[in-house]
file final34.txt (compact mmCIF, C-alpha atoms and all ligand atoms)
# COMPACT_ATOMS: atom_id res chain seq x y z
CA MET A 1 28.35 75.40 -3.06
CA GLU A 2 27.33 75.01 -6.67
CA ILE A 3 24.82 72.18 -7.15
CA ARG A 4 27.13 70.28 -9.51
CA GLU A 5 29.95 70.29 -6.95
CA THR A 6 27.53 69.16 -4.25
CA ILE A 7 26.45 66.21 -6.39
CA GLN A 8 30.07 65.26 -7.14
CA ARG A 9 30.92 65.36 -3.43
CA LEU A 10 27.87 63.29 -2.47
CA LYS A 11 28.59 60.77 -5.21
CA LYS A 12 32.10 60.19 -3.84
CA GLU A 13 30.96 60.06 -0.22
CA GLN A 14 28.23 57.54 -1.03
CA ASP A 15 29.94 55.47 -3.70
CA ALA A 16 27.18 56.42 -6.14
CA VAL A 17 26.90 56.47 -9.91
CA ILE A 18 24.37 58.44 -11.98
CA LEU A 19 22.53 56.71 -14.84
CA ALA A 20 20.31 58.80 -17.12
CA HIS A 21 17.86 58.04 -19.90
CA TYR A 22 18.11 60.08 -23.11
CA TYR A 23 14.78 61.79 -22.35
CA VAL A 24 15.83 63.59 -19.14
CA ARG A 25 16.78 67.28 -19.07
CA ASP A 26 20.03 68.31 -20.78
CA GLU A 27 21.66 69.39 -17.51
CA VAL A 28 20.89 66.00 -15.94
CA GLN A 29 22.39 64.16 -18.92
CA GLU A 30 25.42 66.44 -18.62
CA MET A 31 25.84 65.41 -14.97
CA ALA A 32 25.35 61.68 -15.61
CA ASP A 33 28.11 59.08 -15.62
CA TYR A 34 26.20 56.99 -18.17
CA ILE A 35 23.44 57.94 -20.61
CA GLY A 36 21.46 55.47 -22.66
CA ASP A 37 18.21 53.85 -23.69
CA SER A 38 16.27 51.44 -21.49
CA PHE A 39 18.21 48.39 -22.69
CA TYR A 40 21.63 49.94 -22.20
CA LEU A 41 20.73 51.16 -18.71
CA SER A 42 19.38 47.78 -17.56
CA LYS A 43 22.37 45.89 -18.97
CA LEU A 44 24.87 48.34 -17.57
CA ALA A 45 23.40 48.46 -14.05
CA VAL A 46 24.38 44.80 -13.54
CA ASP A 47 28.08 45.44 -14.12
CA LEU A 48 28.65 48.61 -12.12
CA PRO A 49 30.77 48.33 -8.97
CA GLN A 50 29.25 51.29 -7.09
CA LYS A 51 26.95 50.63 -4.10
CA THR A 52 24.32 53.23 -5.04
CA LEU A 53 22.67 53.67 -8.43
CA VAL A 54 20.93 57.01 -8.99
CA VAL A 55 18.49 56.31 -11.82
CA CYS A 56 17.41 59.45 -13.66
CA GLY A 57 14.32 58.39 -15.53
CA VAL A 58 10.85 57.07 -14.74
CA SER A 59 9.89 54.55 -12.06
CA PHE A 60 10.01 51.37 -14.19
CA MET A 61 13.69 52.17 -14.85
CA GLY A 62 14.44 52.42 -11.13
CA GLU A 63 12.47 49.23 -10.47
CA SER A 64 14.30 47.34 -13.23
CA ALA A 65 17.67 48.43 -11.80
CA LYS A 66 16.61 47.22 -8.34
CA ILE A 67 15.18 43.93 -9.64
CA LEU A 68 18.47 43.16 -11.39
CA ASN A 69 20.63 44.42 -8.49
CA PRO A 70 18.94 43.51 -5.22
CA GLY A 71 22.12 44.13 -3.22
CA LYS A 72 22.43 47.76 -4.32
CA ARG A 73 20.68 50.88 -3.19
CA VAL A 74 18.70 52.37 -6.07
CA LEU A 75 17.59 55.99 -5.78
CA LEU A 76 14.95 57.61 -8.00
CA PRO A 77 15.38 61.37 -7.58
CA ASP A 78 11.62 61.86 -8.09
CA PRO A 79 9.56 58.72 -7.41
CA LYS A 80 6.53 60.49 -8.94
CA ALA A 81 8.23 60.34 -12.36
CA ASP A 82 6.22 57.55 -13.91
CA CYS A 83 5.43 56.12 -17.34
CA ALA A 84 1.69 56.07 -18.05
CA MET A 85 2.04 53.10 -20.38
CA ALA A 86 3.63 50.98 -17.62
CA HIS A 87 0.15 50.62 -16.04
CA MET A 88 -1.91 50.04 -19.16
CA ILE A 89 -2.85 46.41 -18.54
CA THR A 90 -3.87 44.59 -15.35
CA PRO A 91 -2.47 41.26 -14.11
CA GLU A 92 -6.06 39.94 -14.31
CA LYS A 93 -6.22 40.74 -18.01
CA VAL A 94 -2.84 39.05 -18.58
CA ALA A 95 -4.15 35.95 -16.78
CA ALA A 96 -7.29 35.94 -18.96
CA LEU A 97 -5.18 36.25 -22.14
CA ARG A 98 -2.98 33.36 -20.99
CA GLN A 99 -6.03 31.22 -20.37
CA ALA A 100 -7.39 31.99 -23.85
CA HIS A 101 -3.97 31.36 -25.48
CA PRO A 102 -2.23 28.68 -23.39
CA LYS A 103 0.60 28.14 -25.89
CA ALA A 104 1.51 31.82 -26.20
CA ALA A 105 4.52 33.49 -24.61
CA VAL A 106 3.78 36.69 -22.68
CA VAL A 107 6.27 39.29 -23.89
CA CYS A 108 6.41 42.37 -21.70
CA TYR A 109 7.89 45.68 -22.78
CA ILE A 110 10.26 46.89 -20.06
CA ASN A 111 8.02 49.99 -19.82
CA SER A 112 5.83 48.14 -17.29
CA THR A 113 5.41 47.84 -13.53
CA ALA A 114 7.30 45.21 -11.53
CA GLU A 115 3.92 43.55 -10.92
CA LEU A 116 3.32 43.14 -14.67
CA LYS A 117 6.80 41.71 -15.10
CA THR A 118 5.92 38.99 -12.57
CA CYS A 119 3.10 37.84 -14.95
CA SER A 120 5.42 37.66 -17.99
CA ASP A 121 7.74 35.15 -19.63
CA VAL A 122 10.27 37.57 -21.04
CA CYS A 123 10.89 41.32 -21.11
CA VAL A 124 11.99 43.30 -24.13
CA THR A 125 13.05 46.87 -24.82
CA SER A 126 12.50 48.69 -28.08
CA ALA A 127 16.16 48.00 -28.94
CA ASN A 128 16.00 44.21 -28.59
CA ALA A 129 12.31 43.25 -29.04
CA LEU A 130 12.69 42.00 -32.60
CA LYS A 131 15.68 39.80 -31.79
CA ILE A 132 14.07 38.36 -28.67
CA VAL A 133 10.60 37.67 -30.07
CA ARG A 134 12.18 36.07 -33.14
CA ALA A 135 14.25 33.79 -30.88
CA LEU A 136 11.24 32.55 -28.88
CA PRO A 137 10.05 29.04 -29.82
CA ASN A 138 6.38 30.05 -29.39
CA GLU A 139 4.36 30.76 -32.52
CA GLU A 140 1.81 32.80 -30.55
CA ILE A 141 2.88 35.97 -28.74
CA ILE A 142 0.86 38.00 -26.22
CA PHE A 143 2.53 41.41 -26.39
CA ILE A 144 1.98 43.79 -23.44
CA PRO A 145 1.47 46.65 -22.66
CA ASP A 146 2.30 48.64 -25.85
CA GLU A 147 0.13 47.93 -28.88
CA ASN A 148 2.24 50.08 -31.22
CA LEU A 149 5.58 48.43 -30.46
CA GLY A 150 3.77 45.08 -30.62
CA ARG A 151 2.31 45.84 -34.05
CA TYR A 152 5.68 47.01 -35.34
CA ILE A 153 7.40 43.79 -34.19
CA ALA A 154 4.52 41.75 -35.66
CA SER A 155 4.99 43.50 -39.02
CA GLN A 156 8.60 42.25 -39.04
CA LEU A 157 7.72 38.66 -38.00
CA PRO A 158 4.88 37.45 -40.25
CA GLU A 159 5.58 33.85 -39.22
CA LYS A 160 4.19 34.54 -35.72
CA THR A 161 0.68 35.33 -34.47
CA PHE A 162 0.28 38.25 -32.09
CA ILE A 163 -2.32 39.11 -29.48
CA PHE A 164 -2.19 42.82 -28.62
CA ASN A 165 -3.22 44.94 -25.67
CA ASP A 166 -4.47 48.49 -26.19
CA GLY A 167 -1.71 50.24 -24.19
CA HIS A 168 0.27 53.10 -25.70
CA CYS A 169 2.72 55.89 -24.90
CA PRO A 170 0.69 59.10 -24.72
CA ILE A 171 3.66 61.11 -26.02
CA HIS A 172 4.42 58.99 -29.10
CA ALA A 173 0.88 57.82 -29.89
CA ARG A 174 -0.41 61.35 -30.37
CA ILE A 175 1.94 61.94 -33.31
CA THR A 176 -0.01 61.71 -36.58
CA ALA A 177 0.85 60.92 -40.19
CA ALA A 178 -0.11 64.54 -40.99
CA ASP A 179 2.60 65.74 -38.55
CA ILE A 180 5.15 63.75 -40.56
CA ASP A 181 3.87 65.16 -43.85
CA ALA A 182 4.18 68.69 -42.46
CA ALA A 183 7.76 68.05 -41.27
CA LYS A 184 8.71 66.55 -44.64
CA ALA A 185 7.27 69.56 -46.45
CA ALA A 186 9.24 71.92 -44.19
CA HIS A 187 12.50 69.92 -44.49
CA PRO A 188 12.51 68.21 -47.89
CA GLY A 189 14.97 65.35 -48.26
CA ALA A 190 15.64 64.96 -44.53
CA PRO A 191 15.30 61.27 -43.50
CA VAL A 192 12.51 60.54 -40.99
CA LEU A 193 13.72 58.58 -37.93
CA ALA A 194 10.89 57.29 -35.72
CA HIS A 195 10.51 55.39 -32.44
CA PRO A 196 8.38 52.20 -32.64
CA GLU A 197 6.00 53.52 -29.97
CA CYS A 198 4.46 55.65 -32.74
CA VAL A 199 1.28 54.47 -34.49
CA PRO A 200 1.63 52.32 -37.65
CA ALA A 201 0.52 55.18 -39.97
CA VAL A 202 3.50 57.23 -38.72
CA LEU A 203 5.99 54.34 -38.92
CA GLU A 204 4.94 53.69 -42.54
CA LYS A 205 6.27 57.14 -43.40
CA ALA A 206 9.61 56.66 -41.63
CA ASP A 207 12.93 55.95 -43.34
CA TYR A 208 14.18 54.29 -40.17
CA VAL A 209 12.36 52.84 -37.14
CA GLY A 210 14.35 52.19 -33.97
CA SER A 211 14.86 52.74 -30.26
CA THR A 212 16.35 55.99 -29.00
CA SER A 213 19.88 54.58 -29.29
CA GLY A 214 19.01 53.23 -32.74
CA ILE A 215 17.95 56.71 -33.86
CA LEU A 216 21.12 58.22 -32.41
CA ASN A 217 23.33 55.63 -34.11
CA TYR A 218 21.53 56.01 -37.44
CA ALA A 219 21.90 59.80 -37.51
CA THR A 220 25.54 59.56 -36.44
CA ALA A 221 26.45 56.91 -39.02
CA HIS A 222 24.72 58.48 -42.05
CA SER A 223 25.97 61.30 -44.21
CA GLU A 224 22.79 63.40 -44.58
CA THR A 225 23.15 66.73 -42.80
CA ALA A 226 19.50 67.10 -41.63
CA TYR A 227 17.05 64.63 -40.01
CA ILE A 228 13.42 64.68 -38.89
CA ILE A 229 13.30 63.14 -35.42
CA VAL A 230 10.05 61.46 -34.39
CA THR A 231 10.53 60.75 -30.71
CA GLU A 232 10.91 62.58 -27.39
CA CYS A 233 12.87 65.85 -27.49
CA GLY A 234 15.47 64.83 -24.85
CA ILE A 235 17.38 62.81 -27.45
CA GLY A 236 18.28 66.17 -29.04
CA TYR A 237 21.03 66.66 -26.44
CA LYS A 238 23.07 63.63 -27.57
CA LEU A 239 22.16 64.02 -31.25
CA ARG A 240 23.61 67.54 -31.27
CA GLN A 241 26.59 66.66 -29.09
CA GLN A 242 27.60 63.72 -31.29
CA ASN A 243 26.83 65.48 -34.60
CA PRO A 244 27.89 69.13 -34.41
CA GLY A 245 27.63 69.64 -38.18
CA LYS A 246 24.09 68.23 -38.56
CA GLU A 247 20.59 69.63 -38.05
CA PHE A 248 17.79 67.83 -36.19
CA PHE A 249 14.16 68.85 -36.62
CA PHE A 250 11.60 67.57 -34.15
CA ILE A 251 8.02 67.34 -35.30
CA THR A 252 5.62 70.02 -34.06
CA PRO A 253 4.35 70.13 -31.34
CA THR A 254 7.65 68.89 -29.88
CA PRO A 255 7.05 65.53 -28.14
CA THR A 256 7.92 66.01 -24.46
CA CYS A 257 7.57 63.46 -21.67
CA GLU A 258 6.81 65.63 -18.64
CA ASP A 259 7.57 62.80 -16.22
CA MET A 260 11.12 62.46 -17.56
CA LYS A 261 11.58 66.21 -17.01
CA PHE A 262 10.63 65.85 -13.31
CA ILE A 263 14.26 64.87 -12.63
CA THR A 264 16.35 67.93 -11.75
CA LEU A 265 19.85 68.46 -10.36
CA GLU A 266 18.31 69.67 -7.08
CA LYS A 267 16.35 66.42 -6.73
CA ILE A 268 19.46 64.33 -7.45
CA ALA A 269 21.34 66.17 -4.70
CA HIS A 270 18.38 65.81 -2.32
CA ALA A 271 18.07 62.05 -2.97
CA LEU A 272 21.79 61.54 -2.30
CA GLU A 273 21.72 63.74 0.79
CA THR A 274 18.64 62.19 2.41
CA GLY A 275 18.32 58.71 0.87
CA GLU A 276 14.74 59.62 -0.09
CA GLY A 277 13.36 58.01 -3.22
CA GLU A 278 14.94 54.63 -2.52
CA VAL A 279 13.32 51.87 -4.60
CA THR A 280 12.17 48.95 -2.46
CA LEU A 281 10.49 45.74 -3.60
CA GLU A 282 9.34 42.69 -1.66
CA ASP A 283 11.69 39.73 -2.13
CA ALA A 284 9.05 37.44 -3.64
CA GLN A 285 7.94 40.06 -6.16
CA ARG A 286 11.50 40.99 -6.98
CA SER A 287 12.58 37.46 -7.73
CA ARG A 288 9.49 36.75 -9.87
CA ALA A 289 10.05 39.99 -11.81
CA ASN A 290 13.74 39.15 -12.19
CA ALA A 291 13.19 36.00 -14.28
CA PRO A 292 11.80 37.76 -17.41
CA LEU A 293 14.48 40.46 -17.17
CA GLU A 294 17.28 37.89 -16.88
CA GLN A 295 15.71 35.98 -19.76
CA MET A 296 15.84 39.20 -21.81
CA LEU A 297 19.50 39.78 -21.01
CA ALA A 298 20.35 36.18 -21.93
CA LEU A 299 18.42 36.19 -25.23
CA ALA A 300 19.76 39.63 -26.21
CA LYS A 301 23.40 38.46 -26.03
P1 LIG B 1 13.91 53.31 -25.31
O1 LIG B 1 13.64 51.84 -25.16
O2 LIG B 1 14.22 53.68 -26.71
O3 LIG B 1 14.86 53.78 -24.31
O4 LIG B 1 12.55 54.04 -25.03
C1 LIG B 1 12.06 54.16 -23.75
C2 LIG B 1 10.89 55.00 -23.72
O5 LIG B 1 10.35 55.27 -22.71
C3 LIG B 1 10.37 55.45 -25.00
O6 LIG B 1 9.28 56.23 -24.80
FE1 LIG B 2 6.54 56.29 -20.92
FE2 LIG B 2 6.09 57.54 -23.19
FE3 LIG B 2 7.35 58.84 -21.25
FE4 LIG B 2 8.57 56.82 -22.58
S1 LIG B 2 7.93 58.82 -23.39
S2 LIG B 2 8.53 57.13 -20.35
S3 LIG B 2 6.84 55.45 -22.94
S4 LIG B 2 5.22 58.09 -21.20

call {"tool": "encode", "arguments": {"input": "final34.txt", "output": "structure tokens", "more": "lines below"}}
Ligand code: 13P
Ligand code: SF4
result
Amino acid sequence: MEIRETIQRLKKEQDAVILAHYYVRDEVQEMADYIGDSFYLSKLAVDLPQKTLVVCGVSFMGESAKILNPGKRVLLPDPKADCAMAHMITPEKVAALRQAHPKAAVVCYINSTAELKTCSDVCVTSANALKIVRALPNEEIIFIPDENLGRYIASQLPEKTFIFNDGHCPIHARITAADIDAAKAAHPGAPVLAHPECVPAVLEKADYVGSTSGILNYATAHSETAYIIVTECGIGYKLRQQNPGKEFFFITPTPTCEDMKFITLEKIAHALETGEGEVTLEDAQRSRANAPLEQMLALAK
């Protein structure tokens, strides 16, 4: 039987739904019931009636779905698919920062392990970080683990003081200002749309800075017919699907998150068939990691 039919059959048999991040392979996005950025996926997971959530993305996405939905089975088709940034600070360092800045709120990017979430006051995604940090009563903010997203949010909120951690996304942080100049020279007039995980020197050259869904919405809503896209290449699938008459140029070399590409149709079928890749968390850790995620969902409303 064709792999797509097998997945459809298994989904029905197991009351499962497939959620995919914009960075996974085109054929996985094509097979998904819902596609979105980290915020959309975490919000959506809470409202779905199905018993099994197949999360096509990296491990913090599967963990977040499980933390928010303890009663559901969450399957990660490849548990090795991980986000390097999610591990770029230790709980010990967070504790030391808290001790040095007792009045600060610890704001944790959702791209983090469940353990790091347990040390945090509130989670954010790139789509809601500005709104949430602005809404916090604290003047001092400890932003973990991503320094670049933290610096971008700080640049928009001069009334607050930020303490950064030196974490970064290896895919976005390697993009340079010279890469943007080269893309602009090759595609004059095309607006530059960049993800806030890029370094400040890159974001300074962007016409728009936003999450993956922000970039998609911007390109769809605007009338220019060509755009320079400064984020992971997987977003190209939806950009092209939603905008058949427009051109999208990724910077060179094309940013590619190998871990996101670990997810294949074969692995989705295997996870559904065998139950392998189920996300499990201890109750105590899950409930402590749930508080900052719930706080995020409440403040983002
Ligand atoms: P979004 O918050 O835009 O989904 O980004 C997630 C991510 O991993 C970016 O590298
Ligand atoms: Fe993590 Fe970067 Fe991959 Fe996003 S693109 S999952 S931040 S390594």

call {"tool": "residues_near_point", "arguments": {"input": "final34.txt", "point": "(22.0, 71.2, -14.5)", "cutoff": "6 Å", "atoms": "all atoms listed in the file", "output": "JSON, numbers by chain"}}
result
{"A": [27, 28, 265]}

call {"tool": "residues_near_ligand", "arguments": {"input": "final34.txt", "ligand": "ligand LIG 1 (chain B)", "cutoff": "8 Å", "atoms": "only C-alpha atoms and all ligand atoms", "output": "ChimeraX atom specification"}}
result
/A:21-23,36-39,83,110-111,125-127,169,171-172,195,197,210-214,231-232

call {"tool": "closest_residue", "arguments": {"input": "final34.txt", "among": "A:Thr256, A:Asn243, A:Ser120, A:Thr274", "to": "ligand LIG 2 (chain B)", "atoms": "only C-alpha atoms and all ligand atoms"}}
result
A:Thr256

call {"tool": "residues_around", "arguments": {"input": "final34.txt", "residues": "Ala114 of chain A", "least_positions_apart": "4", "cutoff": "7 Å", "atoms": "all atoms listed in the file", "output": "list of chain:residue names"}}
result
A:Glu63, A:Thr118, A:Ala289

call {"tool": "residues_near_point", "arguments": {"input": "final34.txt", "point": "(0.8, 55.4, -42.7)", "cutoff": "10 Å", "atoms": "all atoms listed in the file", "output": "list in words"}}
result
Thr176, Ala177, Ala178, Ile180, Val199, Pro200, Ala201, Val202, Leu203, Glu204, Lys205 and Ala206 of chain A

call {"tool": "closest_residue", "arguments": {"input": "final34.txt", "among": "A:Val122, A:Cys198, A:Ile251, A:Ala271", "to": "ligand LIG 2 (chain B)", "atoms": "all atoms listed in the file"}}
result
A:Cys198

call {"tool": "closest_residue", "arguments": {"input": "final34.txt", "among": "A:Ile67, A:Ile144, A:Met85, A:Val106", "to": "Glu282 of chain A", "atoms": "all atoms listed in the file"}}
result
A:Ile67

call {"tool": "residues_around", "arguments": {"input": "final34.txt", "residues": "Gly167 of chain A", "least_positions_apart": "3", "cutoff": "6 Å", "atoms": "all atoms listed in the file", "output": "ChimeraX atom specification"}}
result
/A:88,145-147

call {"tool": "residues_around", "arguments": {"input": "final34.txt", "residues": "Val17 of chain A", "least_positions_apart": "5", "cutoff": "8 Å", "atoms": "all atoms listed in the file", "output": "ChimeraX atom specification"}}
result
/A:11,32-33,50,52-54

call {"tool": "residues_around", "arguments": {"input": "final34.txt", "residues": "Leu272 of chain A", "least_positions_apart": "6", "cutoff": "12 Å", "atoms": "only C-alpha atoms", "output": "VMD selection string"}}
result
chain A and resid 6 to 18 52 to 55 73 to 78 265 to 266 278

call {"tool": "write_last_selection", "arguments": {"input": "final34.txt", "atoms": "C-alpha atoms", "output": "PDB file, in the frame of the given file"}}
result
ATOM      1  CA  THR A   6      27.530  69.160  -4.250  1.00  0.00           C
ATOM      2  CA  ILE A   7      26.450  66.210  -6.390  1.00  0.00           C
ATOM      3  CA  GLN A   8      30.070  65.260  -7.140  1.00  0.00           C
ATOM      4  CA  ARG A   9      30.920  65.360  -3.430  1.00  0.00           C
ATOM      5  CA  LEU A  10      27.870  63.290  -2.470  1.00  0.00           C
ATOM      6  CA  LYS A  11      28.590  60.770  -5.210  1.00  0.00           C
ATOM      7  CA  LYS A  12      32.100  60.190  -3.840  1.00  0.00           C
ATOM      8  CA  GLU A  13      30.960  60.060  -0.220  1.00  0.00           C
ATOM      9  CA  GLN A  14      28.230  57.540  -1.030  1.00  0.00           C
ATOM     10  CA  ASP A  15      29.940  55.470  -3.700  1.00  0.00           C
ATOM     11  CA  ALA A  16      27.180  56.420  -6.140  1.00  0.00           C
ATOM     12  CA  VAL A  17      26.900  56.470  -9.910  1.00  0.00           C
ATOM     13  CA  ILE A  18      24.370  58.440 -11.980  1.00  0.00           C
ATOM     14  CA  THR A  52      24.320  53.230  -5.040  1.00  0.00           C
ATOM     15  CA  LEU A  53      22.670  53.670  -8.430  1.00  0.00           C
ATOM     16  CA  VAL A  54      20.930  57.010  -8.990  1.00  0.00           C
ATOM     17  CA  VAL A  55      18.490  56.310 -11.820  1.00  0.00           C
ATOM     18  CA  ARG A  73      20.680  50.880  -3.190  1.00  0.00           C
ATOM     19  CA  VAL A  74      18.700  52.370  -6.070  1.00  0.00           C
ATOM     20  CA  LEU A  75      17.590  55.990  -5.780  1.00  0.00           C
ATOM     21  CA  LEU A  76      14.950  57.610  -8.000  1.00  0.00           C
ATOM     22  CA  PRO A  77      15.380  61.370  -7.580  1.00  0.00           C
ATOM     23  CA  ASP A  78      11.620  61.860  -8.090  1.00  0.00           C
ATOM     24  CA  LEU A 265      19.850  68.460 -10.360  1.00  0.00           C
ATOM     25  CA  GLU A 266      18.310  69.670  -7.080  1.00  0.00           C
ATOM     26  CA  GLU A 278      14.940  54.630  -2.520  1.00  0.00           C
TER      27      GLU A 278
END

call {"tool": "atom_distance", "arguments": {"input": "final34.txt", "atom1": "atom CA of Ile163 of chain A", "atom2": "atom CA of Ile141 of chain A"}}
result
6.1 Å

call {"tool": "closest_residue", "arguments": {"input": "final34.txt", "among": "A:Glu139, A:Asp47, A:Glu247, A:Asp82", "to": "Ala219 of chain A", "atoms": "all atoms listed in the file"}}
result
A:Glu247

call {"tool": "axis_aligned_box", "arguments": {"input": "final34.txt", "around": "segment 26-41 of chain A", "padding_each_side": "4 Å", "output": "lines of an AutoDock Vina configuration file"}}
result
center_x = 22.2
center_y = 58.9
center_z = -19.3
size_x = 19.8
size_y = 29.0
size_z = 16.7

call {"tool": "closest_residue", "arguments": {"input": "final34.txt", "among": "A:Glu294, A:Glu140, A:Asp259, A:Glu92", "to": "ligand LIG 2 (chain B)", "atoms": "all atoms listed in the file"}}
result
A:Asp259

call {"tool": "atom_distance", "arguments": {"input": "final34.txt", "atom1": "atom CA of Val192 of chain A", "atom2": "atom CA of Tyr208 of chain A"}}
result
6.5 Å

call {"tool": "closest_residue", "arguments": {"input": "final34.txt", "among": "A:Val230, A:Leu297, A:Leu216, A:Leu157", "to": "ligand LIG 2 (chain B)", "atoms": "only C-alpha atoms and all ligand atoms"}}
result
A:Val230

call {"tool": "atom_distance", "arguments": {"input": "final34.txt", "atom1": "atom CA of Lys160 of chain A", "atom2": "atom CA of Phe143 of chain A"}}
result
11.7 Å

call {"tool": "residues_around", "arguments": {"input": "final34.txt", "residues": "Val46 of chain A", "least_positions_apart": "5", "cutoff": "8 Å", "atoms": "all atoms listed in the file", "output": "list in words"}}
result
Ala65, Leu68 and Asn69 of chain A
